[in-house]
Amino acid sequence: MLRHRLAVTISAASILTLAVAGCGGTTKKNSTDTGGGAQTAASANPNAQLKTGLKIAYLPKQLNNPYSDVETSGGEAAVKELQGEYKKVGPNDASASSQVSYINTLIQQQQNVIVIAANDPNAVCPSLNQARAAKIKVVTFDSDASKDCRDIFINQATTEGIGESLAKMALEQAGASGGEIAVLSATPNATNQNSWIAVMKTELAKPEYSKLKLVKVAYGNDDDQKSFQEAQGLMQSYPNLKVIVAPTTVGIAAAARYIGSSSYKGKVAVTGLGLPNQMRQYVKDSTVKKFALWNPADIGYLAAYAGAALSSGQITGAEGDKFSAGKLGSYTVGKDGEIVLGPPTEFTADNIDKFNF
Amino acid sequence: MYKKLASWDSIIILLTVLVLIVASLVVDNFGTSRNFTFMVLDLMPIILVALPMTFIIITGEIDLSVASILGLTSSLMGWFWNHDMSIQTIIPLCVLIGAVAGVLNGFLITGLGLPSLAVTIGTLALYRGLALVVLGDSAVADFPFNFTGWVTGTLGGGSIPNVLIPIIALAVVFGVVLHATPVGRSLYAIGANDQAAHFSGIRVARTKFWLYVVSGAVSGLVGVLWTLRYSSARADNGAGLELAVVAAVLLGGVSIFGGKGSLPGVLAGVVLLTALQNALRLEDVSGQALNIVTGALLVLSVLLPNIVTTVRGNWQRRRLRQSAAQ
């Protein structure tokens with residue numbers, strides 16, 4: 001009985017506390033976030049020499065991911081050119097918080113540059129800002145961290161760049177007389193694909209594309225079998241189709257498989273965005289003449305040069321800062337500290353064997 | 001009996017001190033105050049959840065739903081914050097919700113008499129699922145800086161991390177309860193033989209029930225601290241933490257069969273695991289190798305006391321036989 005009374009008293013007390021605490025206090029509306037970056041407004045010296053011996057550490061989303069391995073391999077090559085010390089560390093799982101311990105370790109090791117693909121744009125923020133307070137430059141690639149806790153973001157491609165490239169490849173492959181083209185996309189509400197297709201449509205409206213006629217946008221839902229059936233359906237509905245443009249790696253592979261095994265082989269071109277390893281056989285048997293994707297190795301490569309330029313004081317990450325990135329040429333920092341890698345890399349029978357991802 | 005287990009605790013404590021000393025001498029940048037802060041932040045969730053877990057395992061039960069309760073309270077914290085509740089309300093509310101999650105565990109285990117392993121594997125999935133329902137794939141990140149900054153900060157900007165205060169406070173409370181009160185002693189009795197404990201007047205079911213409630217509440221609190229530390233409320237926060245906690249508790253010398261163990265041993269177990277991982281990472285040991293080292297350590301920690309017991313048993317039996325022969 002006594003215990004019961006005690007339990008009731010405790011519950012009542014805690015509810016009361018809650019009610020009291022409910023009045024006033026910090027809410028989303030009235031909180032002012034002062035947790036911004038620890039950035040100092042240094043000025044850039046474009047003529048500064050690139051330092052050698054810089055310790056540049058890569059922290060991908062997780063280790064043993066083939067795609068990010070290619071990205072960091074580009075970084076390793078660049079760090080070698082820069083005569084720096086390359087290092088790659090990372091968690092075994094791509095969870096939001098597992099990268100933080102690694103950032104802390106890199107701070108302790110006094111690295112000069114941390115190149116990170118953030119698993120969570122915010123969870124890594126406090127640690128990255130601690131790194132920056134310790135004079136470590138932070139470059140993000142692949143997926144950005146919140147922009148007030150990094151110096152530079154390497155953006156693999158802009159929406160415009162990809163949309164334009166898709167239209168250009170369609171025109172090249174439709175031939176001189178042009179003709180009907182169709183798009184085989186992912187899902188009807190896939191954000192990336194839809195914005196690329198929108199840019200592509202704007203391009204197609206231009207006079208130089210007047211010979212091309214976009215007859216249909218089909219959706220394979222990024223499912224191999226569904227994409228295969230959609231490609232089949234396109235050919236049945238539009239027998240005169242010249243080009244299928246698939247801005248998704250699943251779609252392009254399925255379309256190439258269908259066309260390559262049908263009587264349309266050689267008559268209908270397949271192009272779009274694809275992975276060299278998936279597309280190699282279709283390029284070799286000439287079902288696919290050309291497709292595109294950003295080159296992941298170049299992302300890692302550019303990140304190393306950006307980090308070195310930051311660490312040497314050539315740039316501060318402000319809009320308009322210019323620096324040179326080895327074999328990739330010169331780059332200018334854009335709005336919000338973003339650097340765009342450039343137009344996607346095009347893969348053909350001539351160069352596809354140089355890529356393994 | 002008690003002597004043997006005291007010796008395992010002291011081995012772990014000694015080993016921990018040894019690792020700390022060697023690492024400070026050998027590993028660059030290990031023995032700095034900043035690294036100390038990083039280590040305390042890394043071990044905070046494990047050590048806090050390990051406190052009630054020690055109690056539960058001593059009674060011969062287990063609670064595998066702790067990390068999912070953490071994820072659920074983290075999600076709810078984000079949801080409440082998005083719905084414009086004040087952070088001063090959200091924090092106690094999240095602790096309360098954690099306790100309620102523990103009530104369900106406790107009811108299923110003690111009220112319906114279901115095995116705790118099965119129940120908490122079930123609620124592990126259930127609470128994580130609810131967390132995903134609340135927040136989905138999204139994350140809430142705009143918590144006020146004076147709260148997130150406190151969790152990652154140090155006392156007066158010095159070298160003592162703020163979160164060490166709740167850690168020490170709770171560790172002292174749990175330590176006193178376990179080792180200096182009748183309640184603590186009853187836990188050992190329950191773990192050794194709950195039938196006998198029941199007949200000697202200990203309210204076994206009620207005690208276990210409250211342990212799950214406390215475990216839930218602490219997990220809720222850790223959900224709050226975790227969210228503030230990473231400034232990120234997500235449904236997948238803390239996934240897999242339950243294994244790290246159970247590992248540390250067992251390494252600290254608590255018997256998985258119940259009835260044995262001490263809190264200082266568990267605290268040392270947590271520190272040992274964290275310090276070892278921290279030092280190895282500073283030496284650029286890869287993540288896979290890190291897992292292998294901690295895994296091996298764990299197997300050894302279960303294996304060694306057993307071997308010692310067997311060897312000692314054999315030896316005693318032989319002596320008995322010898323004296324009988326004489």
# chains A, B, ... in the order shown; residues from 1 in each chain; ligands from 1

call {"tool": "residues_around", "arguments": {"residues": "segment 78-87 of chain A", "least_positions_apart": "6", "cutoff": "6 Å", "atoms": "only C-alpha atoms", "output": "count of residues only"}}
result
7

call {"tool": "closest_atom_pairs", "arguments": {"of": "chain B", "to": "chain A", "cutoff": "8 Å", "atoms": "only C-alpha atoms", "output": "Markdown table"}}
result
| residue | atom | partner | partner_atom | distance |
| --- | --- | --- | --- | --- |
| B:Asp28 | CA | A:Gln109 | CA | 7.8 |
| B:Asn29 | CA | A:Gln108 | CA | 5.8 |
| B:Phe30 | CA | A:Gln108 | CA | 7.9 |
| B:Arg34 | CA | A:Gln108 | CA | 7.9 |
| B:Asn35 | CA | A:Gln108 | CA | 6.9 |
| B:Phe38 | CA | A:Asn104 | CA | 6.8 |
| B:Asp42 | CA | A:Ser101 | CA | 7.3 |
| B:Trp81 | CA | A:Lys28 | CA | 6.1 |
| B:Asn82 | CA | A:Lys28 | CA | 6.8 |
| B:Asp84 | CA | A:Lys28 | CA | 5.4 |
| B:Met85 | CA | A:Thr27 | CA | 5.6 |
| B:Ser86 | CA | A:Thr27 | CA | 4.1 |
| B:Ile87 | CA | A:Thr26 | CA | 5.5 |
| B:Gln88 | CA | A:Gly25 | CA | 5.8 |
| B:Thr89 | CA | A:Gly22 | CA | 5.2 |
| B:Pro92 | CA | A:Leu18 | CA | 6.9 |
| B:Leu93 | CA | A:Leu18 | CA | 7.2 |
| B:Ala141 | CA | A:Asn122 | CA | 6.3 |
| B:Asp142 | CA | A:Asp33 | CA | 7.5 |
| B:Phe143 | CA | A:Lys28 | CA | 7.4 |
| B:Pro144 | CA | A:Asp33 | CA | 5.7 |
| B:Phe145 | CA | A:Gly35 | CA | 5.3 |
| B:Gly149 | CA | A:Gly35 | CA | 7.8 |
| B:Tyr230 | CA | A:Ala123 | CA | 4.4 |
| B:Ser231 | CA | A:Ala123 | CA | 5.7 |
| B:Ser232 | CA | A:Ala123 | CA | 5.4 |
| B:Asp236 | CA | A:Ser95 | CA | 7.7 |
| B:Asn237 | CA | A:Ala96 | CA | 7.3 |
| B:Asn278 | CA | A:Thr105 | CA | 7.6 |
| B:Arg281 | CA | A:Thr105 | CA | 6.8 |
| B:Leu282 | CA | A:Thr105 | CA | 5.8 |
| B:Asp284 | CA | A:Val89 | CA | 7.7 |
| B:Ser286 | CA | A:Val89 | CA | 7.1 |
| B:Gly287 | CA | A:Pro91 | CA | 6.0 |
| B:Gln288 | CA | A:Asn92 | CA | 7.1 |

call {"tool": "select_by_dssp", "arguments": {"residues": "segment 55-258 of chain B", "states": "alpha helix (DSSP H)", "output": "number ranges by chain"}}
result
B: 55-58, 66-82, 87-106, 116-135, 145-152, 164-180, 182-192, 194-199, 204-230, 241-251

call {"tool": "write_last_selection", "arguments": {"atoms": "C-alpha atoms", "output": "short mmCIF file (atom, residue, chain, number, x, y, z; two decimals), in the first residue's frame"}}
result
data_model
loop_
_atom_site.label_atom_id
_atom_site.label_comp_id
_atom_site.auth_asym_id
_atom_site.auth_seq_id
_atom_site.Cartn_x
_atom_site.Cartn_y
_atom_site.Cartn_z
CA PHE B 55 21.56 -5.14 -12.87
CA ILE B 56 19.39 -7.00 -15.36
CA ILE B 57 22.08 -9.50 -16.35
CA ILE B 58 22.92 -10.10 -12.67
CA VAL B 66 17.85 -0.65 -25.22
CA ALA B 67 19.28 0.65 -28.51
CA SER B 68 15.84 0.67 -30.10
CA ILE B 69 14.42 2.62 -27.16
CA LEU B 70 17.29 5.05 -27.74
CA GLY B 71 16.33 5.31 -31.43
CA LEU B 72 12.65 5.76 -30.56
CA THR B 73 13.27 8.58 -28.09
CA SER B 74 15.68 10.20 -30.54
CA SER B 75 13.01 10.13 -33.25
CA LEU B 76 10.35 11.43 -30.91
CA MET B 77 12.68 14.18 -29.76
CA GLY B 78 12.96 15.35 -33.37
CA TRP B 79 9.22 15.06 -33.88
CA PHE B 80 8.37 17.01 -30.71
CA TRP B 81 10.93 19.67 -31.62
CA ASN B 82 9.41 20.01 -35.10
CA ILE B 87 13.40 21.45 -25.29
CA GLN B 88 12.98 21.71 -21.50
CA THR B 89 9.73 19.72 -21.87
CA ILE B 90 11.02 17.34 -24.50
CA ILE B 91 13.95 16.06 -22.46
CA PRO B 92 12.00 14.81 -19.39
CA LEU B 93 9.23 13.62 -21.69
CA CYS B 94 11.69 11.47 -23.64
CA VAL B 95 13.02 9.94 -20.42
CA LEU B 96 9.42 9.20 -19.41
CA ILE B 97 8.68 7.60 -22.80
CA GLY B 98 11.78 5.45 -22.40
CA ALA B 99 10.42 4.36 -19.02
CA VAL B 100 7.06 3.52 -20.59
CA ALA B 101 8.82 1.39 -23.21
CA GLY B 102 10.48 -0.36 -20.25
CA VAL B 103 7.08 -0.86 -18.60
CA LEU B 104 5.93 -2.84 -21.63
CA ASN B 105 9.08 -4.98 -21.52
CA GLY B 106 8.66 -5.50 -17.77
CA SER B 116 13.29 -11.85 -21.59
CA LEU B 117 15.47 -12.80 -24.56
CA ALA B 118 12.45 -13.40 -26.79
CA VAL B 119 10.50 -10.40 -25.49
CA THR B 120 13.31 -7.89 -25.92
CA ILE B 121 14.29 -9.21 -29.36
CA GLY B 122 10.67 -8.55 -30.24
CA THR B 123 10.59 -5.06 -28.77
CA LEU B 124 14.01 -4.38 -30.35
CA ALA B 125 12.26 -4.67 -33.71
CA LEU B 126 9.05 -3.05 -32.46
CA TYR B 127 10.61 0.12 -31.01
CA ARG B 128 12.95 0.57 -33.98
CA GLY B 129 9.97 0.17 -36.25
CA LEU B 130 8.03 2.81 -34.32
CA ALA B 131 11.05 5.11 -34.54
CA LEU B 132 10.95 4.77 -38.33
CA VAL B 133 7.21 5.46 -38.34
CA VAL B 134 7.76 8.68 -36.38
CA LEU B 135 10.59 10.16 -38.41
CA PHE B 145 23.30 25.23 -29.69
CA ASN B 146 23.42 25.84 -25.94
CA PHE B 147 22.15 22.27 -25.50
CA THR B 148 24.13 20.51 -28.25
CA GLY B 149 27.22 22.51 -27.34
CA TRP B 150 26.89 21.53 -23.68
CA VAL B 151 26.96 17.82 -24.49
CA THR B 152 30.12 18.08 -26.63
CA LEU B 164 31.20 13.14 -17.30
CA ILE B 165 28.90 14.67 -14.65
CA PRO B 166 25.82 12.57 -15.44
CA ILE B 167 28.04 9.54 -16.03
CA ILE B 168 29.70 9.79 -12.60
CA ALA B 169 26.45 10.69 -10.83
CA LEU B 170 24.57 7.71 -12.26
CA ALA B 171 27.51 5.34 -11.80
CA VAL B 172 27.72 6.28 -8.12
CA VAL B 173 23.97 5.82 -7.60
CA PHE B 174 23.94 2.43 -9.35
CA GLY B 175 27.11 1.35 -7.59
CA VAL B 176 25.76 2.20 -4.13
CA VAL B 177 22.43 0.50 -4.82
CA LEU B 178 24.10 -2.66 -6.11
CA HIS B 179 26.83 -3.03 -3.53
CA ALA B 180 25.52 -1.36 -0.37
CA PRO B 182 19.43 -4.86 0.42
CA VAL B 183 17.99 -4.26 -3.06
CA GLY B 184 21.42 -4.81 -4.58
CA ARG B 185 21.95 -7.99 -2.60
CA SER B 186 18.52 -9.27 -3.61
CA LEU B 187 19.57 -8.95 -7.28
CA TYR B 188 22.39 -11.43 -6.73
CA ALA B 189 20.01 -13.74 -4.90
CA ILE B 190 17.52 -13.61 -7.77
CA GLY B 191 20.26 -14.31 -10.30
CA ALA B 192 21.67 -17.21 -8.30
CA ASP B 194 15.07 -16.98 -8.26
CA GLN B 195 12.95 -19.74 -6.72
CA ALA B 196 15.02 -19.64 -3.57
CA ALA B 197 14.97 -15.85 -3.64
CA HIS B 198 11.18 -15.92 -3.93
CA PHE B 199 10.83 -18.24 -0.95
CA VAL B 204 11.28 -11.30 -7.68
CA ALA B 205 8.75 -10.23 -10.31
CA ARG B 206 8.34 -6.71 -8.95
CA THR B 207 12.10 -6.17 -8.72
CA LYS B 208 12.64 -7.35 -12.29
CA PHE B 209 9.76 -5.21 -13.52
CA TRP B 210 11.31 -2.05 -12.09
CA LEU B 211 14.72 -2.95 -13.55
CA TYR B 212 13.20 -2.88 -17.03
CA VAL B 213 11.53 0.45 -16.31
CA VAL B 214 14.84 1.91 -15.13
CA SER B 215 16.63 0.44 -18.14
CA GLY B 216 14.05 2.06 -20.43
CA ALA B 217 14.35 5.42 -18.70
CA VAL B 218 18.15 5.41 -18.90
CA SER B 219 17.96 4.39 -22.58
CA GLY B 220 15.58 7.31 -23.12
CA LEU B 221 18.03 9.67 -21.45
CA VAL B 222 20.84 8.32 -23.61
CA GLY B 223 18.59 8.85 -26.65
CA VAL B 224 18.43 12.52 -25.69
CA LEU B 225 22.18 12.82 -25.07
CA TRP B 226 22.98 10.96 -28.31
CA THR B 227 20.69 13.24 -30.32
CA LEU B 228 22.25 16.35 -28.79
CA ARG B 229 25.78 15.06 -29.23
CA TYR B 230 25.34 14.47 -32.96
CA LEU B 241 24.50 -0.37 -29.44
CA GLU B 242 22.89 -3.18 -27.43
CA LEU B 243 25.65 -5.55 -28.54
CA ALA B 244 28.40 -3.15 -27.49
CA VAL B 245 26.71 -2.78 -24.10
CA VAL B 246 26.25 -6.51 -23.49
CA ALA B 247 29.83 -7.05 -24.65
CA ALA B 248 31.17 -4.51 -22.17
CA VAL B 249 29.10 -5.92 -19.32
CA LEU B 250 30.31 -9.47 -19.97
CA LEU B 251 33.89 -8.29 -20.40
#

call {"tool": "closest_residue", "arguments": {"among": "B:Asn291, B:Ser301, B:Gln316, B:Thr154", "to": "Val40 of chain B", "atoms": "only C-alpha atoms"}}
result
B:Thr154

call {"tool": "select_by_dssp", "arguments": {"residues": "segment 4-227 of chain A", "states": "strand (DSSP E or B)", "output": "JSON, numbers by chain"}}
result
{"A": [55, 56, 57, 58, 59, 85, 86, 87, 88, 113, 114, 115, 116, 137, 138, 139, 140, 141, 152, 153, 154, 155, 179, 180, 181, 182, 183, 184, 185, 212, 213, 214, 215, 216, 217, 218, 219]}

call {"tool": "write_last_selection", "arguments": {"atoms": "C-alpha atoms", "output": "PDB file, in the first residue's frame"}}
result
ATOM      1  CA  LYS A  55      48.592  15.077 -44.775  1.00  0.00           C
ATOM      2  CA  ILE A  56      45.379  14.492 -46.693  1.00  0.00           C
ATOM      3  CA  ALA A  57      42.925  11.960 -45.261  1.00  0.00           C
ATOM      4  CA  TYR A  58      39.908  10.493 -47.064  1.00  0.00           C
ATOM      5  CA  LEU A  59      36.843   9.472 -45.077  1.00  0.00           C
ATOM      6  CA  GLU A  85      50.717  11.819 -47.321  1.00  0.00           C
ATOM      7  CA  TYR A  86      47.594   9.956 -48.373  1.00  0.00           C
ATOM      8  CA  LYS A  87      45.406   8.083 -45.949  1.00  0.00           C
ATOM      9  CA  LYS A  88      41.984   6.460 -46.145  1.00  0.00           C
ATOM     10  CA  VAL A 113      42.989  18.122 -44.933  1.00  0.00           C
ATOM     11  CA  ILE A 114      39.958  15.905 -44.323  1.00  0.00           C
ATOM     12  CA  VAL A 115      38.085  14.840 -47.464  1.00  0.00           C
ATOM     13  CA  ILE A 116      34.754  13.384 -46.398  1.00  0.00           C
ATOM     14  CA  LYS A 137      40.684  22.107 -44.038  1.00  0.00           C
ATOM     15  CA  VAL A 138      37.482  20.202 -44.760  1.00  0.00           C
ATOM     16  CA  VAL A 139      36.475  19.178 -48.289  1.00  0.00           C
ATOM     17  CA  THR A 140      33.289  17.201 -48.907  1.00  0.00           C
ATOM     18  CA  PHE A 141      32.558  15.023 -51.924  1.00  0.00           C
ATOM     19  CA  ILE A 152      34.576  23.206 -50.141  1.00  0.00           C
ATOM     20  CA  PHE A 153      32.086  20.784 -51.663  1.00  0.00           C
ATOM     21  CA  ILE A 154      33.092  18.919 -54.832  1.00  0.00           C
ATOM     22  CA  ASN A 155      29.878  18.593 -56.815  1.00  0.00           C
ATOM     23  CA  GLY A 179      13.988  11.054 -85.824  1.00  0.00           C
ATOM     24  CA  GLU A 180      11.997   9.830 -82.848  1.00  0.00           C
ATOM     25  CA  ILE A 181      13.579   9.397 -79.455  1.00  0.00           C
ATOM     26  CA  ALA A 182      12.229   8.091 -76.140  1.00  0.00           C
ATOM     27  CA  VAL A 183      13.338   8.318 -72.533  1.00  0.00           C
ATOM     28  CA  LEU A 184      13.424   5.300 -70.220  1.00  0.00           C
ATOM     29  CA  SER A 185      13.592   6.756 -66.727  1.00  0.00           C
ATOM     30  CA  LEU A 212      14.636  15.172 -82.774  1.00  0.00           C
ATOM     31  CA  LYS A 213      11.146  14.330 -81.572  1.00  0.00           C
ATOM     32  CA  LEU A 214      10.668  13.074 -78.028  1.00  0.00           C
ATOM     33  CA  VAL A 215       7.723  10.693 -78.320  1.00  0.00           C
ATOM     34  CA  LYS A 216       7.519   9.151 -74.854  1.00  0.00           C
ATOM     35  CA  VAL A 217       8.951   9.098 -71.349  1.00  0.00           C
ATOM     36  CA  ALA A 218       8.614   5.559 -69.999  1.00  0.00           C
ATOM     37  CA  TYR A 219       9.296   4.467 -66.418  1.00  0.00           C
TER      38      TYR A 219
END

call {"tool": "residues_around", "arguments": {"residues": "Tyr209 of chain A", "least_positions_apart": "3", "cutoff": "10 Å", "atoms": "only C-alpha atoms", "output": "list in words"}}
result
Ala167, Lys168, Ala170, Leu171, Gly178, Glu203, Leu204, Ala205, Lys206, Leu212 and Lys213 of chain A

call {"tool": "write_last_selection", "arguments": {"atoms": "C-alpha atoms", "output": "short mmCIF file (atom, residue, chain, number, x, y, z; two decimals), in the first residue's frame"}}
result
data_model
loop_
_atom_site.label_atom_id
_atom_site.label_comp_id
_atom_site.auth_asym_id
_atom_site.auth_seq_id
_atom_site.Cartn_x
_atom_site.Cartn_y
_atom_site.Cartn_z
CA ALA A 167 20.38 15.76 -75.30
CA LYS A 168 23.73 16.01 -77.07
CA ALA A 170 20.75 11.65 -78.36
CA LEU A 171 21.37 14.03 -81.27
CA GLY A 178 17.20 12.85 -86.75
CA GLU A 203 17.50 21.68 -74.78
CA LEU A 204 15.35 19.78 -77.30
CA ALA A 205 13.25 22.89 -77.80
CA LYS A 206 16.30 24.69 -79.20
CA LEU A 212 14.64 15.17 -82.77
CA LYS A 213 11.15 14.33 -81.57
#

call {"tool": "residues_around", "arguments": {"residues": "Leu272 of chain B", "least_positions_apart": "5", "cutoff": "8 Å", "atoms": "only C-alpha atoms", "output": "PyMOL selection string"}}
result
chain B and resi 15-16+19

call {"tool": "atom_distance", "arguments": {"atom1": "atom CA of Gly136 of chain B", "atom2": "atom CA of Ile46 of chain B"}}
result
25.0 Å
